[in-house]
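*Asks:* What follows is work15.cif, mmCIF, C-alpha atoms and all ligand atoms.
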data_model
#
loop_
_atom_site.label_atom_id
_atom_site.label_comp_id
_atom_site.auth_asym_id
_atom_site.auth_seq_id
_atom_site.Cartn_x
_atom_site.Cartn_y
_atom_site.Cartn_z
CA MET A 1 -132.08 -12.03 15.77
CA THR A 2 -129.30 -10.08 14.06
CA ARG A 3 -130.11 -6.93 12.10
CA ILE A 4 -128.94 -8.54 8.83
CA LEU A 5 -131.12 -11.60 9.36
CA ALA A 6 -134.12 -9.39 10.21
CA GLN A 7 -133.51 -7.34 7.05
CA SER A 8 -133.27 -10.36 4.84
CA LEU A 9 -136.46 -11.90 6.34
CA ALA A 10 -138.27 -8.59 5.76
CA LEU A 11 -137.07 -8.57 2.17
CA GLN A 12 -138.16 -12.14 1.61
CA ARG A 13 -141.56 -11.27 3.03
CA GLN A 14 -141.79 -8.38 0.56
CA LEU A 15 -140.90 -10.73 -2.32
CA ILE A 16 -143.38 -13.38 -1.30
CA MET A 17 -146.14 -10.78 -0.90
CA GLN A 18 -145.50 -9.65 -4.46
CA LEU A 19 -145.50 -13.22 -5.79
CA SER A 20 -148.48 -14.37 -3.70
CA ASP A 21 -151.03 -13.63 -6.46
CA GLY A 22 -149.51 -16.41 -8.60
CA LYS A 23 -148.50 -14.08 -11.48
CA THR A 24 -145.04 -13.98 -13.08
CA TYR A 25 -142.68 -11.16 -12.05
CA SER A 26 -139.34 -10.44 -13.70
CA GLY A 27 -136.15 -10.34 -11.63
CA GLU A 28 -135.65 -6.79 -12.90
CA LEU A 29 -139.02 -5.59 -11.60
CA LEU A 30 -138.52 -7.29 -8.24
CA ALA A 31 -135.04 -5.75 -7.99
CA ASP A 32 -136.43 -2.27 -8.78
CA GLN A 33 -139.18 -2.62 -6.20
CA THR A 34 -136.95 -3.82 -3.40
CA GLY A 35 -133.89 -1.72 -4.23
CA ILE A 36 -131.47 -4.64 -4.44
CA SER A 37 -129.65 -6.29 -7.37
CA ARG A 38 -131.09 -9.09 -9.51
CA ALA A 39 -128.35 -11.39 -8.20
CA ALA A 40 -129.51 -10.64 -4.64
CA ILE A 41 -133.11 -11.35 -5.70
CA ALA A 42 -131.98 -14.73 -7.03
CA ARG A 43 -130.25 -15.49 -3.68
CA HIS A 44 -133.39 -14.60 -1.71
CA ILE A 45 -135.53 -16.73 -4.04
CA THR A 46 -133.19 -19.68 -3.40
CA GLN A 47 -133.54 -19.07 0.34
CA LEU A 48 -137.34 -18.94 0.03
CA LYS A 49 -137.28 -22.25 -1.87
CA SER A 50 -135.31 -23.76 0.99
CA TYR A 51 -138.21 -22.80 3.34
CA GLY A 52 -140.49 -24.88 1.13
CA VAL A 53 -141.95 -22.09 -1.03
CA ASP A 54 -142.78 -23.60 -4.41
CA ILE A 55 -141.30 -20.95 -6.76
CA TYR A 56 -140.64 -21.52 -10.46
CA SER A 57 -137.86 -19.66 -12.21
CA ILE A 58 -138.99 -19.19 -15.82
CA LYS A 59 -136.06 -18.46 -18.12
CA GLY A 60 -136.25 -14.97 -19.62
CA LYS A 61 -139.50 -14.19 -17.80
CA GLY A 62 -138.93 -14.23 -14.06
CA TYR A 63 -140.43 -15.93 -11.04
CA ARG A 64 -143.83 -17.39 -10.28
CA LEU A 65 -145.41 -19.39 -7.45
CA SER A 66 -146.82 -22.80 -8.37
CA SER A 67 -150.18 -21.52 -7.07
CA PRO A 68 -151.41 -18.32 -5.37
CA LEU A 69 -150.75 -18.14 -1.63
CA GLN A 70 -152.84 -16.58 1.12
CA LEU A 71 -150.26 -15.10 3.44
CA LEU A 72 -150.77 -14.74 7.16
CA ASP A 73 -151.62 -11.17 8.01
CA ALA A 74 -151.41 -9.85 11.58
CA SER A 75 -154.07 -7.16 11.03
CA LYS A 76 -156.52 -9.65 9.49
CA ILE A 77 -155.92 -12.11 12.35
CA ARG A 78 -156.59 -9.29 14.82
CA ARG A 79 -159.92 -8.49 13.13
CA TYR A 80 -161.01 -12.11 13.50
CA GLN A 81 -159.94 -12.40 17.15
CA ALA A 82 -162.62 -12.56 19.85
CA CYS A 83 -162.84 -9.64 22.24
CA GLY A 84 -160.29 -9.74 25.07
CA MET A 85 -158.04 -12.37 23.48
CA ALA A 86 -154.27 -12.00 23.95
CA GLU A 87 -152.12 -10.95 21.02
CA ILE A 88 -151.18 -13.38 18.25
CA LEU A 89 -147.67 -12.56 17.07
CA LEU A 90 -146.70 -13.36 13.53
CA GLN A 91 -143.25 -14.49 12.47
CA HIS A 92 -142.25 -14.92 8.82
CA VAL A 93 -139.82 -17.80 9.44
CA THR A 94 -138.59 -19.23 12.73
CA ASP A 95 -136.83 -22.41 13.81
CA SER A 96 -139.84 -23.57 15.85
CA THR A 97 -142.70 -21.53 17.30
CA ASN A 98 -142.41 -23.59 20.51
CA SER A 99 -138.65 -22.90 20.77
CA GLN A 100 -139.14 -19.22 19.97
CA LEU A 101 -141.78 -18.76 22.71
CA MET A 102 -139.51 -20.69 25.08
CA ARG A 103 -136.61 -18.32 24.33
CA TRP A 104 -138.80 -15.26 24.91
CA LEU A 105 -139.81 -16.61 28.33
CA GLN A 106 -136.22 -17.48 29.22
CA ASP A 107 -135.16 -13.94 28.21
CA GLY A 108 -137.64 -12.64 30.78
CA GLN A 109 -140.27 -11.43 28.32
CA GLN A 110 -143.65 -11.12 30.02
CA LEU A 111 -146.38 -12.98 28.18
CA VAL A 112 -150.05 -12.97 29.08
CA LYS A 113 -151.93 -16.25 29.22
CA GLY A 114 -153.22 -17.11 25.76
CA ALA A 115 -150.55 -15.09 23.91
CA ALA A 116 -149.65 -16.95 20.75
CA LEU A 117 -147.07 -17.10 18.01
CA VAL A 118 -147.72 -18.26 14.46
CA ALA A 119 -145.18 -18.65 11.66
CA GLU A 120 -145.32 -19.10 7.90
CA ALA A 121 -142.50 -21.68 8.07
CA GLN A 122 -140.36 -23.49 10.63
CA THR A 123 -136.79 -24.46 9.80
CA ALA A 124 -136.57 -26.90 12.74
CA GLY A 125 -140.19 -27.77 13.56
CA ARG A 126 -140.37 -30.35 16.34
CA GLY A 127 -142.77 -33.21 16.99
CA ARG A 128 -143.05 -35.56 19.93
CA ARG A 129 -140.36 -38.09 20.85
CA GLY A 130 -137.62 -36.14 19.06
CA ASN A 131 -139.31 -36.31 15.67
CA SER A 132 -139.13 -33.39 13.29
CA TRP A 133 -142.29 -31.67 12.04
CA PHE A 134 -142.40 -30.88 8.32
CA SER A 135 -143.15 -27.15 8.15
CA PRO A 136 -143.04 -25.79 4.58
CA PHE A 137 -143.74 -22.10 4.00
CA GLY A 138 -147.33 -20.89 3.77
CA ALA A 139 -148.75 -24.39 3.57
CA ASN A 140 -150.07 -25.17 7.05
CA LEU A 141 -150.49 -23.75 10.54
CA TYR A 142 -147.58 -23.73 12.98
CA PHE A 143 -148.93 -22.24 16.14
CA SER A 144 -147.87 -22.02 19.82
CA VAL A 145 -149.87 -20.69 22.75
CA TYR A 146 -148.49 -19.68 26.15
CA TRP A 147 -150.36 -20.76 29.27
CA GLN A 148 -149.67 -20.80 32.99
CA LEU A 149 -151.15 -23.35 35.37
CA ASP A 150 -151.40 -22.06 38.93
CA GLN A 151 -151.76 -25.58 40.34
CA GLY A 152 -148.44 -26.79 38.87
CA ILE A 153 -147.49 -29.48 36.40
CA GLN A 154 -149.51 -32.24 38.07
CA ALA A 155 -152.64 -30.30 37.01
CA ALA A 156 -151.63 -30.62 33.34
CA MET A 157 -152.77 -34.26 33.09
CA GLY A 158 -155.13 -34.59 30.14
CA LEU A 159 -154.22 -31.18 28.73
CA SER A 160 -153.15 -32.42 25.27
CA LEU A 161 -156.53 -34.18 24.96
CA VAL A 162 -158.32 -30.91 25.77
CA ILE A 163 -156.35 -29.12 23.04
CA GLY A 164 -157.25 -31.91 20.61
CA ILE A 165 -160.94 -31.44 21.47
CA ALA A 166 -160.62 -27.68 20.87
CA VAL A 167 -159.12 -28.30 17.41
CA ALA A 168 -161.79 -30.90 16.58
CA GLU A 169 -164.61 -28.58 17.64
CA VAL A 170 -163.33 -25.69 15.50
CA LEU A 171 -162.99 -27.93 12.43
CA GLU A 172 -166.40 -29.51 13.00
CA GLN A 173 -168.12 -26.16 13.50
CA GLN A 174 -166.38 -24.42 10.59
CA PHE A 175 -166.30 -27.21 8.03
CA GLY A 176 -168.65 -29.96 9.28
CA LEU A 177 -165.89 -32.57 9.15
CA PRO A 178 -165.90 -35.82 11.19
CA VAL A 179 -162.67 -35.21 13.11
CA ARG A 180 -161.27 -37.96 15.37
CA LEU A 181 -158.69 -37.92 18.16
CA LYS A 182 -155.90 -40.36 18.84
CA TRP A 183 -154.67 -40.49 22.44
CA PRO A 184 -152.70 -38.62 23.59
CA ASN A 185 -151.95 -35.86 21.07
CA ASP A 186 -153.07 -36.46 17.49
CA VAL A 187 -155.97 -35.17 15.45
CA TYR A 188 -157.21 -37.51 12.72
CA LEU A 189 -159.38 -37.18 9.66
CA ALA A 190 -160.33 -40.06 7.36
CA ASN A 191 -158.01 -42.40 9.31
CA LYS A 192 -154.96 -40.22 8.70
CA LYS A 193 -153.10 -37.72 10.84
CA LEU A 194 -154.25 -34.13 10.30
CA ALA A 195 -152.60 -32.37 13.24
CA GLY A 196 -150.23 -32.95 16.15
CA ILE A 197 -149.88 -31.32 19.56
CA LEU A 198 -146.62 -30.78 21.44
CA ILE A 199 -146.91 -29.41 24.99
CA GLU A 200 -143.68 -28.36 26.67
CA LEU A 201 -142.85 -27.15 30.14
CA ALA A 202 -141.15 -23.75 29.93
CA GLY A 203 -140.48 -23.32 33.65
CA GLN A 204 -141.71 -23.86 37.17
CA SER A 205 -141.68 -21.52 40.15
CA HIS A 206 -143.48 -22.09 43.45
CA ALA A 207 -146.70 -23.87 42.56
CA GLN A 208 -147.03 -22.39 39.07
CA CYS A 209 -145.82 -23.79 35.79
CA ASP A 210 -145.40 -22.19 32.38
CA LEU A 211 -146.51 -24.21 29.39
CA ILE A 212 -146.05 -23.86 25.67
CA ILE A 213 -148.76 -25.55 23.69
CA GLY A 214 -147.70 -26.20 20.09
CA LEU A 215 -150.08 -27.16 17.31
CA GLY A 216 -149.15 -28.20 13.79
CA LEU A 217 -152.23 -28.44 11.55
CA ASN A 218 -151.87 -29.64 7.93
CA LEU A 219 -153.85 -27.40 5.59
CA ASN A 220 -152.45 -27.54 2.09
CA MET A 221 -149.33 -29.70 1.85
CA PRO A 222 -147.00 -29.33 -1.15
CA PRO A 223 -146.63 -32.25 -3.58
CA ASN A 224 -143.28 -33.34 -2.09
CA ALA A 225 -144.74 -33.91 1.40
CA ASP A 226 -144.80 -37.70 0.99
CA ASN A 227 -140.99 -37.73 0.88
CA GLN A 228 -140.82 -35.87 4.19
CA ILE A 229 -143.51 -37.50 6.36
CA THR A 230 -143.23 -41.13 7.38
CA GLN A 231 -146.77 -41.77 8.66
CA ALA A 232 -150.15 -41.66 6.93
CA TRP A 233 -151.17 -37.99 6.78
CA THR A 234 -153.89 -35.83 5.34
CA ASP A 235 -154.48 -32.10 5.01
CA LEU A 236 -157.65 -30.07 5.45
CA GLN A 237 -157.86 -28.68 1.92
CA GLN A 238 -158.33 -32.09 0.29
CA HIS A 239 -161.58 -32.48 2.28
CA LEU A 240 -162.95 -29.04 1.34
CA SER A 241 -164.03 -27.37 -1.89
CA ALA A 242 -163.54 -23.72 -0.81
CA PRO A 243 -160.11 -22.26 0.03
CA ILE A 244 -159.23 -22.05 3.73
CA ASP A 245 -158.89 -18.66 5.39
CA ARG A 246 -155.79 -19.29 7.53
CA ASN A 247 -156.05 -15.92 9.31
CA GLN A 248 -159.57 -16.70 10.47
CA LEU A 249 -158.72 -20.26 11.43
CA ILE A 250 -155.87 -19.14 13.70
CA ALA A 251 -158.12 -16.69 15.53
CA LEU A 252 -160.85 -19.32 15.98
CA LEU A 253 -158.35 -21.86 17.28
CA GLN A 254 -156.90 -19.43 19.80
CA THR A 255 -160.36 -18.54 21.12
CA LYS A 256 -161.44 -22.17 21.47
CA ILE A 257 -158.14 -23.27 23.04
CA VAL A 258 -158.19 -20.42 25.58
CA THR A 259 -161.86 -21.02 26.44
CA HIS A 260 -161.19 -24.73 27.03
CA LEU A 261 -158.03 -24.00 29.04
CA LYS A 262 -160.04 -21.76 31.38
CA THR A 263 -162.64 -24.49 31.89
CA PHE A 264 -159.91 -27.10 32.35
CA GLU A 265 -158.36 -24.97 35.11
CA LEU A 266 -161.68 -24.89 36.96
CA THR A 267 -162.92 -28.43 36.46
CA GLY A 268 -159.97 -30.60 35.42
CA PHE A 269 -160.34 -33.16 32.65
CA LYS A 270 -163.65 -34.70 33.74
CA THR A 271 -165.69 -32.09 31.81
CA PHE A 272 -163.91 -33.15 28.61
CA CYS A 273 -163.95 -36.92 29.05
CA ALA A 274 -167.12 -37.53 26.99
CA GLY A 275 -165.94 -35.09 24.30
CA PHE A 276 -162.78 -37.13 23.83
CA ASN A 277 -164.48 -40.52 23.93
CA GLN A 278 -167.07 -39.62 21.30
CA ARG A 279 -164.22 -38.70 18.91
CA ASP A 280 -161.79 -41.48 19.87
CA GLN A 281 -160.21 -42.83 16.67
CA PHE A 282 -159.65 -46.28 18.23
CA MET A 283 -162.65 -46.72 20.52
CA GLY A 284 -163.56 -50.43 20.78
CA GLN A 285 -160.68 -51.48 18.54
CA THR A 286 -157.74 -53.71 19.32
CA VAL A 287 -154.68 -51.55 19.80
CA CYS A 288 -151.06 -52.00 20.73
CA LEU A 289 -149.77 -49.66 23.39
CA SER A 290 -146.01 -49.39 23.63
CA SER A 291 -144.00 -47.84 26.43
CA GLY A 292 -140.23 -48.24 26.10
CA ASP A 293 -139.63 -51.95 25.50
CA LYS A 294 -143.07 -52.98 26.79
CA ARG A 295 -146.03 -53.72 24.52
CA PHE A 296 -149.66 -54.19 25.61
CA LEU A 297 -152.24 -55.53 23.21
CA GLY A 298 -155.82 -54.90 24.22
CA GLN A 299 -159.14 -53.31 23.48
CA CYS A 300 -159.28 -49.51 23.61
CA LEU A 301 -162.07 -48.30 25.93
CA GLY A 302 -161.41 -44.56 25.56
CA VAL A 303 -160.15 -42.44 28.45
CA ASP A 304 -161.05 -42.09 32.13
CA SER A 305 -162.00 -38.90 33.98
CA GLN A 306 -158.32 -37.94 34.32
CA GLY A 307 -157.40 -38.51 30.69
CA GLY A 308 -155.68 -41.86 31.21
CA LEU A 309 -156.03 -44.38 28.38
CA LEU A 310 -158.30 -47.29 29.30
CA LEU A 311 -157.10 -50.57 27.90
CA GLU A 312 -158.69 -53.95 28.50
CA HIS A 313 -156.21 -56.78 28.34
CA ASP A 314 -155.74 -60.10 30.13
CA GLY A 315 -159.24 -59.79 31.61
CA SER A 316 -158.82 -56.45 33.37
CA VAL A 317 -159.08 -52.76 32.51
CA GLN A 318 -156.10 -50.54 33.27
CA SER A 319 -155.51 -46.83 32.90
CA TYR A 320 -152.28 -45.60 31.29
CA PHE A 321 -150.65 -42.16 31.41
CA GLY A 322 -147.36 -40.89 30.21
CA GLY A 323 -145.49 -38.91 27.62
CA GLU A 324 -143.71 -41.75 25.89
CA LEU A 325 -146.60 -44.07 25.35
CA SER A 326 -147.55 -44.50 21.75
CA LEU A 327 -150.66 -46.05 20.41
CA ARG A 328 -151.10 -47.88 17.13
CA GLY A 329 -154.29 -49.36 15.76
CA THR A 330 -153.78 -52.89 14.54
CA SER A 331 -155.97 -52.31 11.46
CA HIS A 332 -154.72 -48.90 10.23
CA GLY A 333 -152.22 -46.12 11.07
C1 LIG A 401 -146.50 -34.39 17.01
O1 LIG A 401 -147.51 -34.87 16.52
O2 LIG A 401 -145.45 -35.05 17.07
C2 LIG A 401 -146.53 -32.97 17.54
C3 LIG A 401 -146.28 -31.98 16.43
C4 LIG A 401 -146.30 -30.52 16.92
C5 LIG A 401 -145.88 -29.55 15.84
C6 LIG A 401 -146.08 -28.14 16.27
S1 LIG A 401 -145.90 -26.98 14.91
C7 LIG A 401 -145.93 -25.66 16.04
C8 LIG A 401 -145.09 -26.07 17.23
N1 LIG A 401 -143.69 -25.82 16.98
C9 LIG A 401 -142.97 -26.94 16.89
O3 LIG A 401 -141.76 -27.00 16.67
N2 LIG A 401 -143.76 -27.99 17.10
C10 LIG A 401 -145.13 -27.61 17.33
#
Could you quickly redo this structure as structure tokens?
Ligand code: BTN
*Replies:*
Amino acid sequence: MTRILAQSLALQRQLIMQLSDGKTYSGELLADQTGISRAAIARHITQLKSYGVDIYSIKGKGYRLSSPLQLLDASKIRRYQACGMAEILLQHVTDSTNSQLMRWLQDGQQLVKGAALVAEAQTAGRGRRGNSWFSPFGANLYFSVYWQLDQGIQAAMGLSLVIGIAVAEVLEQQFGLPVRLKWPNDVYLANKKLAGILIELAGQSHAQCDLIIGLGLNLNMPPNADNQITQAWTDLQQHLSAPIDRNQLIALLQTKIVTHLKTFELTGFKTFCAGFNQRDQFMGQTVCLSSGDKRFLGQCLGVDSQGGLLLEHDGSVQSYFGGELSLRGTSHG
């Protein structure tokens, strides 16, 4: 990152911290506090709006957020972290937390297993199959965890399901919500997508492989989200009455994900099979599984002990694996 970019991100962070209480601040006051001109303040506000921050400019009065914002705070996250957990780094804005972790690894930066990166906004958030991931500022969680598998990539089978279980368990334990999982990488609530998982291979050497596990969890989407997301979605806040503590949630997710990854390394997927099946969004339903040009219509029977999708069609049960398979219920999303 260039020095100028770093300076302007730091300045924008300062502005957003000031505005985060939801009160109105004049351009003059903000300029005085930051030591830059009012015109420069206006430029930074425009930039913040482009990251998805909902800021009103009120003529003659100044700037105000549409609603107060709880910012991510590295020291608060640290206080919530379980003992012995690797560091969670905080980035104001990045292109993609997965891409950023990938670059750090490629630049030779040493990361410990479980080290994580979280950002307030992503300018080029990525989903599976080349889709983009809507990542407005301060609204949701955009989170990537580094992990290394000593047994190589073949041992990663079922990993995205394990991460889904970790997310479901945290949300169930914290908020008592009936979370469901859609094979292979989606978290559902009330029949709509709440979170997505993107696992990427960062490198392989000898038997080991480096993985980046990305999680996008919708918490409090802005009103324009419907224009940006093509599938049925939900966010956590609409199912809760109390505000969500994002700093705490990140720490809880890291702990649960790391705990499950350690178990997964020892036992493989079989320990998690029942945990997935009891939360399977499509269990017992007729589904259409598509892989490239092929389509299979059948009854979903959950997953097997390796994390393969069990589908009954044409009188037999078959297990399916693979990154490009997508699953659609025939009744809803
Ligand atoms: C999907 O459902 O398609 C997967 C979405 C994964 C989104 C997360 S947000 C944090 C991390 N960084 C990215 O660019 N993508 C993942």
*Asks:* At a cut-off of 7 Å from (-160.5, -38.6, 21.8) in the coordinates of the file, what residues are picked up using all atoms listed in the file, written as a PyMOL selection string?
*Replies:* chain A and resi 161+180-183+275-281
*Asks:* Go through A:Gln173, A:Gln154, A:Thr263, A:Gln122 one by one, measure the shortest atom-to-atom distance of each to ligand LIG 401 (chain A) using all atoms listed in the file, and give the residue with the smallest value.
*Replies:* A:Gln122
*Asks:* Just how far from atom CA of A:Gly307 is atom CA of A:Leu289, in Å to one decimal?
*Replies:*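 Between atom CA of A:Leu289 and atom CA of A:Gly307 the gap is 15.4 Å.
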*Asks:* Rounded to one decimal, what separation in Å do you get between atom CA of A:Arg328 and atom CA of A:Thr286?
*Replies:* 9.1 Å
*Asks:* May I have the residues within 7 Å of ligand LIG 401 (chain A), computed using all atoms listed in the file, as a PyMOL selection string?
*Replies:* chain A and resi 96-99+124-128+131+133+142-144+185-186+195-198+214-216
*Asks:* Residues within 12 Å of A:Lys49, please, as a PDB file with C-alpha atoms, in the frame of the given file. Count all atoms listed in the file; anything in the same chain fewer than 2 positions from it doesn't count.
*Replies:*
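Done, and the output landed in selection.pdb:
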ATOM      1  CA  GLN A  12    -138.160 -12.140   1.610  1.00  0.00           C
ATOM      2  CA  ILE A  16    -143.380 -13.380  -1.300  1.00  0.00           C
ATOM      3  CA  ALA A  42    -131.980 -14.730  -7.030  1.00  0.00           C
ATOM      4  CA  ARG A  43    -130.250 -15.490  -3.680  1.00  0.00           C
ATOM      5  CA  HIS A  44    -133.390 -14.600  -1.710  1.00  0.00           C
ATOM      6  CA  ILE A  45    -135.530 -16.730  -4.040  1.00  0.00           C
ATOM      7  CA  THR A  46    -133.190 -19.680  -3.400  1.00  0.00           C
ATOM      8  CA  GLN A  47    -133.540 -19.070   0.340  1.00  0.00           C
ATOM      9  CA  TYR A  51    -138.210 -22.800   3.340  1.00  0.00           C
ATOM     10  CA  GLY A  52    -140.490 -24.880   1.130  1.00  0.00           C
ATOM     11  CA  VAL A  53    -141.950 -22.090  -1.030  1.00  0.00           C
ATOM     12  CA  ASP A  54    -142.780 -23.600  -4.410  1.00  0.00           C
ATOM     13  CA  ILE A  55    -141.300 -20.950  -6.760  1.00  0.00           C
ATOM     14  CA  TYR A  56    -140.640 -21.520 -10.460  1.00  0.00           C
ATOM     15  CA  SER A  57    -137.860 -19.660 -12.210  1.00  0.00           C
ATOM     16  CA  TYR A  63    -140.430 -15.930 -11.040  1.00  0.00           C
ATOM     17  CA  ARG A  64    -143.830 -17.390 -10.280  1.00  0.00           C
ATOM     18  CA  LEU A  65    -145.410 -19.390  -7.450  1.00  0.00           C
ATOM     19  CA  SER A  66    -146.820 -22.800  -8.370  1.00  0.00           C
ATOM     20  CA  ALA A 121    -142.500 -21.680   8.070  1.00  0.00           C
ATOM     21  CA  THR A 123    -136.790 -24.460   9.800  1.00  0.00           C
ATOM     22  CA  PRO A 136    -143.040 -25.790   4.580  1.00  0.00           C
ATOM     23  CA  PHE A 137    -143.740 -22.100   4.000  1.00  0.00           C
ATOM     24  CA  GLY A 138    -147.330 -20.890   3.770  1.00  0.00           C
TER      25      GLY A 138
END
*Asks:* Taking into account all atoms listed in the file, which residue in the set A:Gly164, A:Gly329, A:Gly315, A:Gly322 is nearest to A:Cys300?
*Replies:* A:Gly329
*Asks:* What does the structure give for the distance between atom CA of A:Gln238 and atom CA of A:Thr24, in Å to one decimal?
*Replies:*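 Going from atom CA of A:Gln238 over to atom CA of A:Thr24 covers 26.1 Å.
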*Asks:* Contacts between stretch 73-79 of chain A and stretch 237-264 of chain A, please, where a residue of stretch 237-264 of chain A counts if it comes within 12 Å (with only C-alpha atoms); show its shortest atom pair and distance in Å to one decimal, rows by chain and ascending number, as CSV.
*Replies:*
residue,atom,partner,partner_atom,distance
A:Asp245,CA,A:Ile77,CA,10.0
A:Arg246,CA,A:Ile77,CA,8.6
A:Asn247,CA,A:Ile77,CA,4.9
A:Gln248,CA,A:Ile77,CA,6.2
A:Leu249,CA,A:Ile77,CA,8.7
A:Ile250,CA,A:Ile77,CA,7.2
A:Ala251,CA,A:Ile77,CA,6.0
A:Leu252,CA,A:Ile77,CA,9.5
A:Leu253,CA,A:Ile77,CA,11.2
A:Gln254,CA,A:Ile77,CA,10.5
A:Thr255,CA,A:Ile77,CA,11.7
*Asks:* With distances taken over all atoms listed in the file, which of A:Ala202, A:Leu301, A:Ile244, A:Leu310 is nearest to A:Gln106?
*Replies:*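 Closest residue, counting all atoms listed in the file: A:Ala202.
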*Asks:* If you count only C-alpha atoms, which residues fall within 12 Å of A:Ile41, apart from same-chain ones fewer than 6 positions away, as an MDAnalysis selection string?
*Replies:* chainID A and resid 8 11:12 14:16 25:35 47:48 57 62:63
*Asks:* Suppose we keep C-alpha atoms; can you now write the selection as an mmCIF file, in the coordinates of the input?
*Replies:*
data_model
loop_
_atom_site.group_PDB
_atom_site.id
_atom_site.type_symbol
_atom_site.label_atom_id
_atom_site.label_comp_id
_atom_site.auth_asym_id
_atom_site.auth_seq_id
_atom_site.Cartn_x
_atom_site.Cartn_y
_atom_site.Cartn_z
ATOM 1 C CA SER A 8 -133.270 -10.360 4.840
ATOM 2 C CA LEU A 11 -137.070 -8.570 2.170
ATOM 3 C CA GLN A 12 -138.160 -12.140 1.610
ATOM 4 C CA GLN A 14 -141.790 -8.380 0.560
ATOM 5 C CA LEU A 15 -140.900 -10.730 -2.320
ATOM 6 C CA ILE A 16 -143.380 -13.380 -1.300
ATOM 7 C CA TYR A 25 -142.680 -11.160 -12.050
ATOM 8 C CA SER A 26 -139.340 -10.440 -13.700
ATOM 9 C CA GLY A 27 -136.150 -10.340 -11.630
ATOM 10 C CA GLU A 28 -135.650 -6.790 -12.900
ATOM 11 C CA LEU A 29 -139.020 -5.590 -11.600
ATOM 12 C CA LEU A 30 -138.520 -7.290 -8.240
ATOM 13 C CA ALA A 31 -135.040 -5.750 -7.990
ATOM 14 C CA ASP A 32 -136.430 -2.270 -8.780
ATOM 15 C CA GLN A 33 -139.180 -2.620 -6.200
ATOM 16 C CA THR A 34 -136.950 -3.820 -3.400
ATOM 17 C CA GLY A 35 -133.890 -1.720 -4.230
ATOM 18 C CA GLN A 47 -133.540 -19.070 0.340
ATOM 19 C CA LEU A 48 -137.340 -18.940 0.030
ATOM 20 C CA SER A 57 -137.860 -19.660 -12.210
ATOM 21 C CA GLY A 62 -138.930 -14.230 -14.060
ATOM 22 C CA TYR A 63 -140.430 -15.930 -11.040
#
*Asks:* Nearest residue to A:Leu159 out of A:Gln237, A:Thr267, A:Gln7, A:Ser50, using only C-alpha atoms?
*Replies:*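 Checking each candidate against A:Leu159, we get A:Thr267 as the closest.
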*Asks:* Give me the residues within 10 Å of A:Pro243 as a list in words, counting only C-alpha atoms and dropping any in the same chain fewer than 6 places off.
*Replies:*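 Skipping anything fewer than 6 positions along the chain leaves Gln70, Leu219, Asn220, Leu236 and Gln237 of chain A.
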*Asks:* Padding 6 Å on every side, please: axis-aligned box over the listed atoms of stretch 293-299 of chain A, centre and edge lengths to one decimal in Å, as AutoDock Vina command-line options.
*Replies:*
--center_x -149.4 --center_y -53.7 --center_z 25.0 --size_x 31.5 --size_y 15.6 --size_z 15.6
*Asks:* Taking (-161.1, -39.0, 31.5) in the coordinates of the supplied file, I want to know which residues reach to within 7 Å of it, counting all atoms listed in the file; could you give the answer as JSON, numbers by chain?
*Replies:* {"A": [269, 270, 273, 303, 304, 305, 306, 307, 308]}
*Asks:* Could you list, as a compact mmCIF listing (two decimals) with C-alpha atoms, in the frame of the given file, every residue within 12 Å of A:Leu101, counting all atoms listed in the file and ignoring same-chain residues fewer than 3 positions away?
*Replies:*
# COMPACT_ATOMS: atom_id res chain seq x y z
CA ILE A 88 -151.18 -13.38 18.25
CA LEU A 89 -147.67 -12.56 17.07
CA LEU A 90 -146.70 -13.36 13.53
CA GLN A 91 -143.25 -14.49 12.47
CA THR A 94 -138.59 -19.23 12.73
CA ASP A 95 -136.83 -22.41 13.81
CA SER A 96 -139.84 -23.57 15.85
CA THR A 97 -142.70 -21.53 17.30
CA ASN A 98 -142.41 -23.59 20.51
CA TRP A 104 -138.80 -15.26 24.91
CA LEU A 105 -139.81 -16.61 28.33
CA GLN A 106 -136.22 -17.48 29.22
CA ASP A 107 -135.16 -13.94 28.21
CA GLY A 108 -137.64 -12.64 30.78
CA GLN A 109 -140.27 -11.43 28.32
CA GLN A 110 -143.65 -11.12 30.02
CA LEU A 111 -146.38 -12.98 28.18
CA VAL A 112 -150.05 -12.97 29.08
CA GLY A 114 -153.22 -17.11 25.76
CA ALA A 115 -150.55 -15.09 23.91
CA ALA A 116 -149.65 -16.95 20.75
CA LEU A 117 -147.07 -17.10 18.01
CA VAL A 118 -147.72 -18.26 14.46
CA ALA A 119 -145.18 -18.65 11.66
CA PHE A 143 -148.93 -22.24 16.14
CA SER A 144 -147.87 -22.02 19.82
CA VAL A 145 -149.87 -20.69 22.75
CA TYR A 146 -148.49 -19.68 26.15
CA TRP A 147 -150.36 -20.76 29.27
CA GLU A 200 -143.68 -28.36 26.67
CA LEU A 201 -142.85 -27.15 30.14
CA ALA A 202 -141.15 -23.75 29.93
CA GLY A 203 -140.48 -23.32 33.65
CA ASP A 210 -145.40 -22.19 32.38
CA LEU A 211 -146.51 -24.21 29.39
CA ILE A 212 -146.05 -23.86 25.67
CA ILE A 213 -148.76 -25.55 23.69
CA GLY A 214 -147.70 -26.20 20.09
